[in-house]
Amino acid sequence: MLEPLMYDIGRICKETIEIEGEKIGVTPKIIDKNYLKNGYNGSNDNGAILKVPFDCPEPLKNTILSINTENNSKIQIIDFGKTISSLEDIDPNKELYIITDIVQMISRKELINIIPKIREKISPNAGIYVPNVLPSQVPLLVYMGVDYFDYGAVDYYSVMGYQLSKNRQYTTSATKKELTKNNEDKDSIGLKIHNRQVMDSIIEETLYCIENKKLRNLVEETTISDPYLRANYRRYVPDLRNIPLSTENKLIVTMDEVKIPEVKKYIERAVNYTPFSNLIVLLPCSSKKPYSMSKSHQKFIGAINSIKTPVDELILTSPYGIVPRALELCVKYDIPVTGEWSADEIDFINENLLKYLKNAKDKFSNDETNKKGLKIVAHLPEHYLEILDMEKINLVLDDMDEFIISSIDGNPTTNDSISNLKAILKDLEIKNREERKLSAMARKEDEKTNENVDNDKNEVEKPLRFTRRGQVIHNYQELAKFQFGKNFIPNDVVVKGKHKKFFIKQNGKEVQICTLNDRKGLFVLTVNGGELLGKENWVELNFKAKKGSLFAPGFKDAQNIISVNDEVVIYYDDKYIGVGRALMNASEMKKATSGILLNIRHVFK
């Protein structure tokens, strides 16, 4: 039996099975030779596993599988043969699932319908074992949910005289043999030792990559040399709940820039972002993250701060498409920069820019008491301006809106460009003031109406003022929506300290509701913050827990959207009791039979 420790699409688990009195270790790993022989907890209740031949007739295949099931009460043998059989026969109560014919499946598109669907049906405490695979196949299989491997294929290729590497299997170069007059291959024993070391090394590297959130990069490295593996990697749609929303680790992007799961998860959350101001400046990305710490963005921010009117800053970038300044701490990545864009990148940036502009139009054009046009300033290099789909952008904008290019000679960082940006922003600030004056009377009448309808001022939250401070609070509220799908930060919140602690007044006292983790760019809830958030990202227990670890027996239910490392609010008997951090996604929690599901950080005293 396994206990999951961490996830990065694939996972690392702690073994709880004891063989000869010692715990084995962590997965992914080479399965212990005594694992199947001696059974679980030192018992010997498992019979020999009978291999089903690839061309085995269906009746005989079913007989062999039936014998395997009867002889191995805690193991299920899965053998598909030439035809992919139904997965409905998977018994979710086993502790180990062996896919015996993975060699035939590894290059077929059906692979992505086998391992992930088995993993969906079984407990996270159960392991999946695939025999006879090569080192280059290990990372992709772990990425899909496999836990155990063996040396079967490694030893076979050693006997055949093949040397294995991380990406391929090969023999000594014929040219080298001829030139050196040495036609003797390595002895089979030495080759076997070498090839097993390669297998061990790739498994160790896989463990390292999961710990450091780089498993996807390893999968890309090992599948690029095999078109069949590569095709299955690109077909596979992982469960996005098995990656955190943001981490301290830098994301490395080398290929499939806009299709990687981390970007998909970001876009799912960021798509509904709403700007605070109708004055929007489009900016290029920078190699240094967060962007605001780079020299170029320091210049841009200096120019933007030369006016008092709030300005929304929107960074155009690959792989994330668009990044509002409020979300910049959530994106840390490195990507090769050549000054050239792929067709996918161009389409992706334009697609998400258009969604952002439509959200802005909905906010500022549909408010009859405070109607404003969008003022968009493109302070971008030439190779950014070239990719903007102005035809589609102009379909979103109307006569009230303006689109201005402020960079001179395609270089936004020169003194002339910075001065021009300042001048344009100053002119737009003056226009904004005039627009605000025209709508001021209507707005005041609306406010008076609201006061007459509801005289209880304690129940009416004052709107954010159109000031720089108002924009700062708005940005934190948008970050809360990005993280939780809901804003819980009141307009009158007070932010203190270098590490951004958030306080509100409650019963005449100042109480903290959250802290901003600047390494991840996300909020960490206090018990008061969880109460404000309400039943969102919730986990329900079957007992009134205290601070510490929650194990599987204490779990009752959870909201399906919960991902690994999410902040969660905790309920017992339909009453809020505290906050914590999820160690696995909601689906895994519901199927777990042992292990730690979440850390409970604060509870009501």
# chains A, B, ... in the order shown; residues from 1 in each chain; ligands from 1
call {"tool": "closest_atom_pairs", "arguments": {"of": "stretch 91-210 of chain A", "to": "stretch 585-596 of chain A", "cutoff": "10 Å", "atoms": "only C-alpha atoms", "output": "Markdown table"}}
result
| residue | atom | partner | partner_atom | distance |
| --- | --- | --- | --- | --- |
| A:Pro92 | CA | A:Lys591 | CA | 9.1 |
| A:Asn93 | CA | A:Thr593 | CA | 10.0 |
| A:Arg119 | CA | A:Glu588 | CA | 9.6 |
| A:Glu120 | CA | A:Ser587 | CA | 8.3 |
| A:Lys121 | CA | A:Lys591 | CA | 8.6 |
| A:Ile122 | CA | A:Lys591 | CA | 7.2 |
| A:Ser123 | CA | A:Lys591 | CA | 4.9 |
| A:Pro124 | CA | A:Ala592 | CA | 5.6 |
| A:Asn125 | CA | A:Ala592 | CA | 6.1 |
| A:Ala126 | CA | A:Ala592 | CA | 9.0 |
call {"tool": "write_last_selection", "arguments": {"atoms": "C-alpha atoms", "output": "short mmCIF file (atom, residue, chain, number, x, y, z; two decimals), in the first residue's frame"}}
result
data_model
loop_
_atom_site.label_atom_id
_atom_site.label_comp_id
_atom_site.auth_asym_id
_atom_site.auth_seq_id
_atom_site.Cartn_x
_atom_site.Cartn_y
_atom_site.Cartn_z
CA PRO A 92 -11.10 -0.66 -7.13
CA ASN A 93 -10.29 -2.55 -3.92
CA ARG A 119 -5.83 5.53 -12.01
CA GLU A 120 -9.24 7.27 -12.00
CA LYS A 121 -10.95 4.10 -10.78
CA ILE A 122 -8.53 3.00 -8.07
CA SER A 123 -7.44 4.35 -4.71
CA PRO A 124 -4.42 6.68 -4.56
CA ASN A 125 -3.06 4.16 -2.06
CA ALA A 126 -2.87 1.49 -4.77
#
call {"tool": "select_by_dssp", "arguments": {"residues": "stretch 365-551 of chain A", "states": "alpha helix (DSSP H)", "output": "mmCIF file with N, CA, C and O atoms, in the first residue's frame"}}
result
data_model
loop_
_atom_site.group_PDB
_atom_site.id
_atom_site.type_symbol
_atom_site.label_atom_id
_atom_site.label_comp_id
_atom_site.auth_asym_id
_atom_site.auth_seq_id
_atom_site.Cartn_x
_atom_site.Cartn_y
_atom_site.Cartn_z
ATOM 1 N N SER A 365 -18.434 50.004 -20.548
ATOM 2 C CA SER A 365 -19.390 50.485 -21.544
ATOM 3 C C SER A 365 -20.836 50.238 -21.148
ATOM 4 O O SER A 365 -21.733 50.920 -21.628
ATOM 5 N N GLU A 382 8.717 46.424 -31.727
ATOM 6 C CA GLU A 382 8.198 46.222 -33.075
ATOM 7 C C GLU A 382 7.691 44.797 -33.281
ATOM 8 O O GLU A 382 6.624 44.570 -33.869
ATOM 9 N N HIS A 383 8.462 43.791 -32.779
ATOM 10 C CA HIS A 383 8.048 42.410 -33.030
ATOM 11 C C HIS A 383 6.818 42.015 -32.220
ATOM 12 O O HIS A 383 6.195 40.979 -32.509
ATOM 13 N N TYR A 384 6.433 42.802 -31.212
ATOM 14 C CA TYR A 384 5.155 42.609 -30.529
ATOM 15 C C TYR A 384 4.030 43.253 -31.329
ATOM 16 O O TYR A 384 2.961 42.666 -31.505
ATOM 17 N N LEU A 385 4.270 44.467 -31.802
ATOM 18 C CA LEU A 385 3.248 45.190 -32.558
ATOM 19 C C LEU A 385 2.855 44.428 -33.823
ATOM 20 O O LEU A 385 1.699 44.439 -34.239
ATOM 21 N N MET A 390 -4.989 43.555 -35.311
ATOM 22 C CA MET A 390 -5.721 44.807 -35.175
ATOM 23 C C MET A 390 -7.118 44.730 -35.785
ATOM 24 O O MET A 390 -8.036 45.432 -35.346
ATOM 25 N N GLU A 391 -7.294 43.888 -36.774
ATOM 26 C CA GLU A 391 -8.626 43.749 -37.375
ATOM 27 C C GLU A 391 -9.629 43.255 -36.343
ATOM 28 O O GLU A 391 -10.740 43.794 -36.225
ATOM 29 N N LYS A 392 -9.237 42.229 -35.559
ATOM 30 C CA LYS A 392 -10.129 41.699 -34.528
ATOM 31 C C LYS A 392 -10.225 42.642 -33.331
ATOM 32 O O LYS A 392 -11.299 42.777 -32.722
ATOM 33 N N ILE A 393 -9.118 43.297 -32.989
ATOM 34 C CA ILE A 393 -9.149 44.258 -31.878
ATOM 35 C C ILE A 393 -10.114 45.392 -32.193
ATOM 36 O O ILE A 393 -10.901 45.825 -31.337
ATOM 37 N N ASN A 394 -10.103 45.887 -33.431
ATOM 38 C CA ASN A 394 -10.985 46.988 -33.824
ATOM 39 C C ASN A 394 -12.453 46.579 -33.832
ATOM 40 O O ASN A 394 -13.338 47.438 -33.704
ATOM 41 N N LEU A 395 -12.716 45.277 -33.993
ATOM 42 C CA LEU A 395 -14.096 44.804 -33.911
ATOM 43 C C LEU A 395 -14.630 44.882 -32.481
ATOM 44 O O LEU A 395 -15.838 45.016 -32.265
ATOM 45 N N VAL A 396 -13.728 44.778 -31.496
ATOM 46 C CA VAL A 396 -14.119 44.881 -30.083
ATOM 47 C C VAL A 396 -14.305 46.341 -29.684
ATOM 48 O O VAL A 396 -15.217 46.691 -28.939
ATOM 49 N N ASN A 415 14.859 56.600 -23.952
ATOM 50 C CA ASN A 415 14.398 57.807 -23.256
ATOM 51 C C ASN A 415 13.267 58.484 -24.023
ATOM 52 O O ASN A 415 12.310 58.996 -23.423
ATOM 53 N N ASP A 416 13.368 58.508 -25.357
ATOM 54 C CA ASP A 416 12.317 59.137 -26.162
ATOM 55 C C ASP A 416 10.989 58.406 -26.002
ATOM 56 O O ASP A 416 9.922 59.027 -25.900
ATOM 57 N N SER A 417 11.054 57.079 -25.983
ATOM 58 C CA SER A 417 9.821 56.285 -25.834
ATOM 59 C C SER A 417 9.209 56.475 -24.453
ATOM 60 O O SER A 417 7.982 56.604 -24.320
ATOM 61 N N ILE A 418 10.031 56.493 -23.422
ATOM 62 C CA ILE A 418 9.531 56.692 -22.057
ATOM 63 C C ILE A 418 8.893 58.083 -21.935
ATOM 64 O O ILE A 418 7.813 58.243 -21.336
ATOM 65 N N SER A 419 9.555 59.113 -22.512
ATOM 66 C CA SER A 419 8.993 60.474 -22.471
ATOM 67 C C SER A 419 7.670 60.539 -23.227
ATOM 68 O O SER A 419 6.720 61.200 -22.789
ATOM 69 N N ASN A 420 7.604 59.843 -24.350
ATOM 70 C CA ASN A 420 6.365 59.823 -25.128
ATOM 71 C C ASN A 420 5.242 59.126 -24.367
ATOM 72 O O ASN A 420 4.082 59.563 -24.407
ATOM 73 N N LEU A 421 5.579 58.044 -23.657
ATOM 74 C CA LEU A 421 4.578 57.352 -22.846
ATOM 75 C C LEU A 421 4.022 58.279 -21.772
ATOM 76 O O LEU A 421 2.800 58.340 -21.551
ATOM 77 N N LYS A 422 4.908 59.001 -21.109
ATOM 78 C CA LYS A 422 4.468 59.965 -20.077
ATOM 79 C C LYS A 422 3.523 61.000 -20.662
ATOM 80 O O LYS A 422 2.477 61.326 -20.073
ATOM 81 N N ALA A 423 3.879 61.559 -21.831
ATOM 82 C CA ALA A 423 3.065 62.616 -22.454
ATOM 83 C C ALA A 423 1.683 62.081 -22.845
ATOM 84 O O ALA A 423 0.659 62.753 -22.631
ATOM 85 N N ILE A 424 1.642 60.886 -23.405
ATOM 86 C CA ILE A 424 0.361 60.289 -23.813
ATOM 87 C C ILE A 424 -0.512 60.014 -22.598
ATOM 88 O O ILE A 424 -1.723 60.302 -22.607
ATOM 89 N N LEU A 425 0.084 59.470 -21.550
ATOM 90 C CA LEU A 425 -0.686 59.204 -20.334
ATOM 91 C C LEU A 425 -1.231 60.484 -19.714
ATOM 92 O O LEU A 425 -2.360 60.506 -19.204
ATOM 93 N N LYS A 426 -0.449 61.558 -19.776
ATOM 94 C CA LYS A 426 -0.901 62.846 -19.232
ATOM 95 C C LYS A 426 -2.117 63.353 -19.997
ATOM 96 O O LYS A 426 -3.104 63.802 -19.396
ATOM 97 N N ASP A 427 -2.083 63.245 -21.320
ATOM 98 C CA ASP A 427 -3.226 63.676 -22.144
ATOM 99 C C ASP A 427 -4.459 62.825 -21.851
ATOM 100 O O ASP A 427 -5.578 63.358 -21.756
ATOM 101 N N LEU A 428 -4.255 61.524 -21.708
ATOM 102 C CA LEU A 428 -5.381 60.638 -21.424
ATOM 103 C C LEU A 428 -5.945 60.876 -20.032
ATOM 104 O O LEU A 428 -7.158 60.716 -19.808
ATOM 105 N N GLU A 429 -5.093 61.249 -19.098
ATOM 106 C CA GLU A 429 -5.564 61.574 -17.751
ATOM 107 C C GLU A 429 -6.511 62.765 -17.799
ATOM 108 O O GLU A 429 -7.554 62.772 -17.126
ATOM 109 N N ILE A 430 -6.145 63.780 -18.582
ATOM 110 C CA ILE A 430 -7.000 64.961 -18.711
ATOM 111 C C ILE A 430 -8.350 64.575 -19.317
ATOM 112 O O ILE A 430 -9.415 65.015 -18.856
ATOM 113 N N LYS A 431 -8.343 63.737 -20.363
ATOM 114 C CA LYS A 431 -9.594 63.281 -20.980
ATOM 115 C C LYS A 431 -10.438 62.484 -19.986
ATOM 116 O O LYS A 431 -11.668 62.609 -19.958
ATOM 117 N N ASN A 432 -9.780 61.656 -19.181
ATOM 118 C CA ASN A 432 -10.502 60.862 -18.188
ATOM 119 C C ASN A 432 -11.209 61.747 -17.179
ATOM 120 O O ASN A 432 -12.331 61.470 -16.755
ATOM 121 N N ARG A 433 -10.536 62.808 -16.759
ATOM 122 C CA ARG A 433 -11.140 63.731 -15.791
ATOM 123 C C ARG A 433 -12.393 64.368 -16.374
ATOM 124 O O ARG A 433 -13.408 64.539 -15.677
ATOM 125 N N GLU A 434 -12.331 64.721 -17.647
ATOM 126 C CA GLU A 434 -13.494 65.323 -18.295
ATOM 127 C C GLU A 434 -14.650 64.337 -18.370
ATOM 128 O O GLU A 434 -15.811 64.697 -18.138
ATOM 129 N N GLU A 435 -14.337 63.079 -18.701
ATOM 130 C CA GLU A 435 -15.377 62.052 -18.756
ATOM 131 C C GLU A 435 -15.996 61.820 -17.380
ATOM 132 O O GLU A 435 -17.213 61.619 -17.256
ATOM 133 N N ARG A 436 -15.184 61.861 -16.363
ATOM 134 C CA ARG A 436 -15.683 61.647 -14.999
ATOM 135 C C ARG A 436 -16.599 62.777 -14.562
ATOM 136 O O ARG A 436 -17.597 62.564 -13.868
ATOM 137 N N LYS A 437 -16.265 63.996 -14.964
ATOM 138 C CA LYS A 437 -17.114 65.136 -14.612
ATOM 139 C C LYS A 437 -18.481 65.027 -15.265
ATOM 140 O O LYS A 437 -19.510 65.314 -14.655
ATOM 141 N N LEU A 438 -18.504 64.541 -16.526
ATOM 142 C CA LEU A 438 -19.763 64.424 -17.253
ATOM 143 C C LEU A 438 -20.702 63.404 -16.606
ATOM 144 O O LEU A 438 -21.917 63.530 -16.670
ATOM 145 N N SER A 439 -20.114 62.368 -15.995
ATOM 146 C CA SER A 439 -20.949 61.314 -15.389
ATOM 147 C C SER A 439 -21.117 61.478 -13.884
ATOM 148 O O SER A 439 -21.817 60.683 -13.250
ATOM 149 N N ALA A 440 -20.516 62.532 -13.304
ATOM 150 C CA ALA A 440 -20.534 62.694 -11.841
ATOM 151 C C ALA A 440 -21.941 62.892 -11.308
ATOM 152 O O ALA A 440 -22.322 62.308 -10.290
ATOM 153 N N MET A 441 -22.737 63.727 -11.977
ATOM 154 C CA MET A 441 -24.084 64.012 -11.500
ATOM 155 C C MET A 441 -24.951 62.756 -11.481
ATOM 156 O O MET A 441 -25.652 62.488 -10.506
ATOM 157 N N ALA A 442 -24.866 62.004 -12.564
ATOM 158 C CA ALA A 442 -25.660 60.762 -12.637
ATOM 159 C C ALA A 442 -25.252 59.792 -11.542
ATOM 160 O O ALA A 442 -26.086 59.114 -10.939
ATOM 161 N N ARG A 443 -23.955 59.750 -11.272
ATOM 162 C CA ARG A 443 -23.459 58.825 -10.248
ATOM 163 C C ARG A 443 -23.948 59.240 -8.863
ATOM 164 O O ARG A 443 -24.305 58.401 -8.042
ATOM 165 N N LYS A 444 -23.953 60.549 -8.600
ATOM 166 C CA LYS A 444 -24.412 61.034 -7.296
ATOM 167 C C LYS A 444 -25.885 60.720 -7.077
ATOM 168 O O LYS A 444 -26.311 60.353 -5.990
ATOM 169 N N GLU A 445 -26.691 60.874 -8.153
ATOM 170 C CA GLU A 445 -28.104 60.557 -8.041
ATOM 171 C C GLU A 445 -28.302 59.078 -7.725
ATOM 172 O O GLU A 445 -29.159 58.712 -6.937
ATOM 173 N N ASP A 446 -27.481 58.251 -8.363
ATOM 174 C CA ASP A 446 -27.564 56.811 -8.136
ATOM 175 C C ASP A 446 -27.206 56.453 -6.708
ATOM 176 O O ASP A 446 -27.834 55.606 -6.086
ATOM 177 N N GLU A 447 -26.175 57.137 -6.167
ATOM 178 C CA GLU A 447 -25.757 56.887 -4.787
ATOM 179 C C GLU A 447 -26.842 57.307 -3.808
ATOM 180 O O GLU A 447 -27.103 56.638 -2.812
ATOM 181 N N LYS A 448 -27.517 58.436 -4.092
ATOM 182 C CA LYS A 448 -28.612 58.878 -3.219
ATOM 183 C C LYS A 448 -29.748 57.874 -3.213
ATOM 184 O O LYS A 448 -30.341 57.579 -2.185
ATOM 185 N N THR A 449 -30.052 57.335 -4.376
ATOM 186 C CA THR A 449 -31.106 56.324 -4.481
ATOM 187 C C THR A 449 -30.770 55.099 -3.641
ATOM 188 O O THR A 449 -31.614 54.568 -2.921
ATOM 189 N N ASN A 450 -29.519 54.679 -3.725
ATOM 190 C CA ASN A 450 -29.094 53.512 -2.945
ATOM 191 C C ASN A 450 -29.197 53.762 -1.451
ATOM 192 O O ASN A 450 -29.562 52.887 -0.684
ATOM 193 N N GLU A 451 -28.881 55.002 -1.025
ATOM 194 C CA GLU A 451 -28.954 55.332 0.401
ATOM 195 C C GLU A 451 -30.395 55.298 0.885
ATOM 196 O O GLU A 451 -30.696 54.868 1.987
ATOM 197 N N ASN A 452 -31.337 55.747 0.031
ATOM 198 C CA ASN A 452 -32.749 55.749 0.410
ATOM 199 C C ASN A 452 -33.315 54.341 0.484
ATOM 200 O O ASN A 452 -34.177 54.041 1.290
ATOM 201 N N VAL A 453 -32.833 53.470 -0.395
ATOM 202 C CA VAL A 453 -33.324 52.089 -0.419
ATOM 203 C C VAL A 453 -32.869 51.334 0.813
ATOM 204 O O VAL A 453 -33.606 50.557 1.397
ATOM 205 N N ARG A 468 -5.254 55.379 -6.644
ATOM 206 C CA ARG A 468 -4.200 54.361 -6.661
ATOM 207 C C ARG A 468 -4.418 53.329 -5.550
ATOM 208 O O ARG A 468 -4.197 52.134 -5.751
ATOM 209 N N ARG A 469 -4.833 53.807 -4.365
ATOM 210 C CA ARG A 469 -5.089 52.856 -3.283
ATOM 211 C C ARG A 469 -6.253 51.937 -3.634
ATOM 212 O O ARG A 469 -6.209 50.725 -3.387
ATOM 213 N N GLY A 470 -7.279 52.520 -4.238
ATOM 214 C CA GLY A 470 -8.410 51.702 -4.674
ATOM 215 C C GLY A 470 -7.981 50.629 -5.662
ATOM 216 O O GLY A 470 -8.452 49.485 -5.615
ATOM 217 N N GLN A 471 -7.043 50.992 -6.548
ATOM 218 C CA GLN A 471 -6.552 50.019 -7.523
ATOM 219 C C GLN A 471 -5.759 48.901 -6.848
ATOM 220 O O GLN A 471 -5.876 47.733 -7.236
ATOM 221 N N VAL A 472 -4.961 49.240 -5.840
ATOM 222 C CA VAL A 472 -4.188 48.223 -5.117
ATOM 223 C C VAL A 472 -5.125 47.197 -4.491
ATOM 224 O O VAL A 472 -4.910 45.974 -4.607
ATOM 225 N N ILE A 473 -6.204 47.672 -3.829
ATOM 226 C CA ILE A 473 -7.161 46.758 -3.203
ATOM 227 C C ILE A 473 -7.866 45.930 -4.276
ATOM 228 O O ILE A 473 -8.057 44.716 -4.121
ATOM 229 N N HIS A 474 -8.253 46.583 -5.381
ATOM 230 C CA HIS A 474 -8.890 45.864 -6.490
ATOM 231 C C HIS A 474 -7.987 44.734 -6.999
ATOM 232 O O HIS A 474 -8.465 43.619 -7.264
ATOM 233 N N ASN A 475 -6.706 45.012 -7.147
ATOM 234 C CA ASN A 475 -5.771 43.991 -7.644
ATOM 235 C C ASN A 475 -5.695 42.795 -6.703
ATOM 236 O O ASN A 475 -5.633 41.639 -7.145
ATOM 237 N N TYR A 476 -5.704 43.066 -5.390
ATOM 238 C CA TYR A 476 -5.706 41.957 -4.433
ATOM 239 C C TYR A 476 -7.010 41.169 -4.521
ATOM 240 O O TYR A 476 -7.022 39.941 -4.385
ATOM 241 N N GLN A 477 -8.106 41.858 -4.761
ATOM 242 C CA GLN A 477 -9.394 41.176 -4.897
ATOM 243 C C GLN A 477 -9.429 40.299 -6.151
ATOM 244 O O GLN A 477 -9.986 39.200 -6.130
ATOM 245 N N GLU A 478 -8.821 40.792 -7.236
ATOM 246 C CA GLU A 478 -8.749 39.988 -8.454
ATOM 247 C C GLU A 478 -7.841 38.768 -8.252
ATOM 248 O O GLU A 478 -8.107 37.688 -8.789
ATOM 249 N N LEU A 479 -6.788 38.939 -7.467
ATOM 250 C CA LEU A 479 -5.922 37.806 -7.138
ATOM 251 C C LEU A 479 -6.694 36.771 -6.329
ATOM 252 O O LEU A 479 -6.553 35.558 -6.541
ATOM 253 N N ALA A 480 -7.548 37.235 -5.397
ATOM 254 C CA ALA A 480 -8.375 36.310 -4.612
ATOM 255 C C ALA A 480 -9.332 35.542 -5.520
ATOM 256 O O ALA A 480 -9.514 34.324 -5.366
ATOM 257 N N LYS A 481 -9.922 36.220 -6.507
ATOM 258 C CA LYS A 481 -10.807 35.543 -7.472
ATOM 259 C C LYS A 481 -10.028 34.529 -8.301
ATOM 260 O O LYS A 481 -10.527 33.448 -8.617
ATOM 261 N N PHE A 482 -8.802 34.883 -8.671
ATOM 262 C CA PHE A 482 -7.939 33.975 -9.427
ATOM 263 C C PHE A 482 -7.632 32.725 -8.610
ATOM 264 O O PHE A 482 -7.658 31.606 -9.128
ATOM 265 N N GLN A 483 -7.369 32.891 -7.321
ATOM 266 C CA GLN A 483 -6.974 31.764 -6.475
ATOM 267 C C GLN A 483 -8.164 30.920 -6.035
ATOM 268 O O GLN A 483 -8.092 29.685 -6.042
ATOM 269 N N PHE A 484 -9.260 31.592 -5.642
ATOM 270 C CA PHE A 484 -10.378 30.862 -5.029
ATOM 271 C C PHE A 484 -11.648 30.841 -5.878
ATOM 272 O O PHE A 484 -12.611 30.153 -5.533
ATOM 273 N N VAL A 527 -7.804 31.797 10.148
ATOM 274 C CA VAL A 527 -9.111 31.254 10.464
ATOM 275 C C VAL A 527 -10.205 32.287 10.193
ATOM 276 O O VAL A 527 -11.318 31.948 9.760
ATOM 277 N N ASN A 528 -9.899 33.582 10.381
ATOM 278 C CA ASN A 528 -10.877 34.633 10.085
ATOM 279 C C ASN A 528 -11.059 34.814 8.581
ATOM 280 O O ASN A 528 -12.162 35.091 8.101
ATOM 281 N N GLY A 529 -9.966 34.651 7.821
ATOM 282 C CA GLY A 529 -10.057 34.735 6.368
ATOM 283 C C GLY A 529 -10.888 33.619 5.779
ATOM 284 O O GLY A 529 -11.678 33.829 4.844
ATOM 285 N N GLY A 530 -10.747 32.413 6.331
ATOM 286 C CA GLY A 530 -11.546 31.284 5.861
ATOM 287 C C GLY A 530 -13.026 31.506 6.115
ATOM 288 O O GLY A 530 -13.877 31.120 5.304
ATOM 289 N N GLU A 531 -13.343 32.150 7.234
ATOM 290 C CA GLU A 531 -14.743 32.452 7.543
ATOM 291 C C GLU A 531 -15.314 33.443 6.530
ATOM 292 O O GLU A 531 -16.460 33.309 6.090
ATOM 293 N N LEU A 532 -14.517 34.435 6.140
ATOM 294 C CA LEU A 532 -14.952 35.397 5.127
ATOM 295 C C LEU A 532 -15.146 34.724 3.766
ATOM 296 O O LEU A 532 -16.073 35.057 3.028
ATOM 297 N N LEU A 533 -14.263 33.800 3.419
ATOM 298 C CA LEU A 533 -14.347 33.118 2.131
ATOM 299 C C LEU A 533 -15.623 32.301 2.027
ATOM 300 O O LEU A 533 -16.230 32.205 0.956
#
call {"tool": "select_by_dssp", "arguments": {"residues": "stretch 267-342 of chain A", "states": "strand (DSSP E)", "output": "ChimeraX atom specification"}}
result
/A:279-284,312-317,321-324,333-334
call {"tool": "write_last_selection", "arguments": {"atoms": "C-alpha atoms", "output": "mmCIF file, in the first residue's frame"}}
result
data_model
loop_
_atom_site.group_PDB
_atom_site.id
_atom_site.type_symbol
_atom_site.label_atom_id
_atom_site.label_comp_id
_atom_site.auth_asym_id
_atom_site.auth_seq_id
_atom_site.Cartn_x
_atom_site.Cartn_y
_atom_site.Cartn_z
ATOM 1 C CA LEU A 279 -6.730 53.285 -19.118
ATOM 2 C CA ILE A 280 -4.738 50.185 -20.110
ATOM 3 C CA VAL A 281 -1.055 49.984 -21.028
ATOM 4 C CA LEU A 282 0.185 46.938 -22.974
ATOM 5 C CA LEU A 283 3.766 46.022 -22.084
ATOM 6 C CA PRO A 284 6.313 43.407 -23.222
ATOM 7 C CA ASP A 312 -3.988 48.863 -15.618
ATOM 8 C CA GLU A 313 -0.779 47.225 -16.818
ATOM 9 C CA LEU A 314 -1.079 44.152 -19.029
ATOM 10 C CA ILE A 315 2.029 42.147 -20.021
ATOM 11 C CA LEU A 316 1.928 40.230 -23.314
ATOM 12 C CA THR A 317 4.023 37.086 -23.131
ATOM 13 C CA GLY A 321 -0.588 34.950 -23.290
ATOM 14 C CA ILE A 322 -1.436 37.880 -21.031
ATOM 15 C CA VAL A 323 -0.422 38.581 -17.429
ATOM 16 C CA PRO A 324 -2.072 41.459 -15.524
ATOM 17 C CA TYR A 333 9.188 30.865 -16.083
ATOM 18 C CA ASP A 334 12.056 30.754 -18.548
#
call {"tool": "residues_around", "arguments": {"residues": "stretch 247-250 of chain A", "least_positions_apart": "3", "cutoff": "8 Å", "atoms": "only C-alpha atoms", "output": "MDAnalysis selection string"}}
result
chainID A and resid 212:213 244 330 332:334 519:520
call {"tool": "closest_residue", "arguments": {"among": "A:Ala582, A:Val495, A:Ile513, A:Ala378", "to": "A:Met6", "atoms": "only C-alpha atoms"}}
result
A:Ala582
call {"tool": "residues_around", "arguments": {"residues": "A:Val564", "least_positions_apart": "2", "cutoff": "12 Å", "atoms": "only C-alpha atoms", "output": "number ranges by chain"}}
result
A: 4-11, 239-247, 537, 560-562, 566-568, 580-589, 597-599
call {"tool": "residues_around", "arguments": {"residues": "A:Tyr151", "least_positions_apart": "3", "cutoff": "12 Å", "atoms": "only C-alpha atoms", "output": "list in words"}}
result
Lys29, Ile30, Ile31, Asp32, Lys33, Val130, Pro131, Asn132, Val133, Leu134, Pro135, Val138, Tyr148, Val154, Asp155, Tyr156, Tyr157, Ser158, Lys192, Ile193, His194, Asn195, Arg196, Gln197, Val198, Met199, Asp200 and Ile203 of chain A
call {"tool": "closest_atom_pairs", "arguments": {"of": "stretch 105-208 of chain A", "to": "stretch 224-231 of chain A", "cutoff": "10 Å", "atoms": "only C-alpha atoms", "output": "CSV"}}
result
residue,atom,partner,partner_atom,distance
A:Ile106,CA,A:Leu229,CA,7.2
A:Ser107,CA,A:Tyr228,CA,4.9
A:Arg108,CA,A:Tyr228,CA,7.2
A:Lys109,CA,A:Ala231,CA,7.7
A:Leu111,CA,A:Leu229,CA,9.8
A:Ser136,CA,A:Asp226,CA,8.9
A:Gln137,CA,A:Leu229,CA,7.5
A:Leu140,CA,A:Leu229,CA,7.8
A:Leu141,CA,A:Leu229,CA,9.8
A:Asn167,CA,A:Ser225,CA,6.5
A:Arg168,CA,A:Ser225,CA,7.6
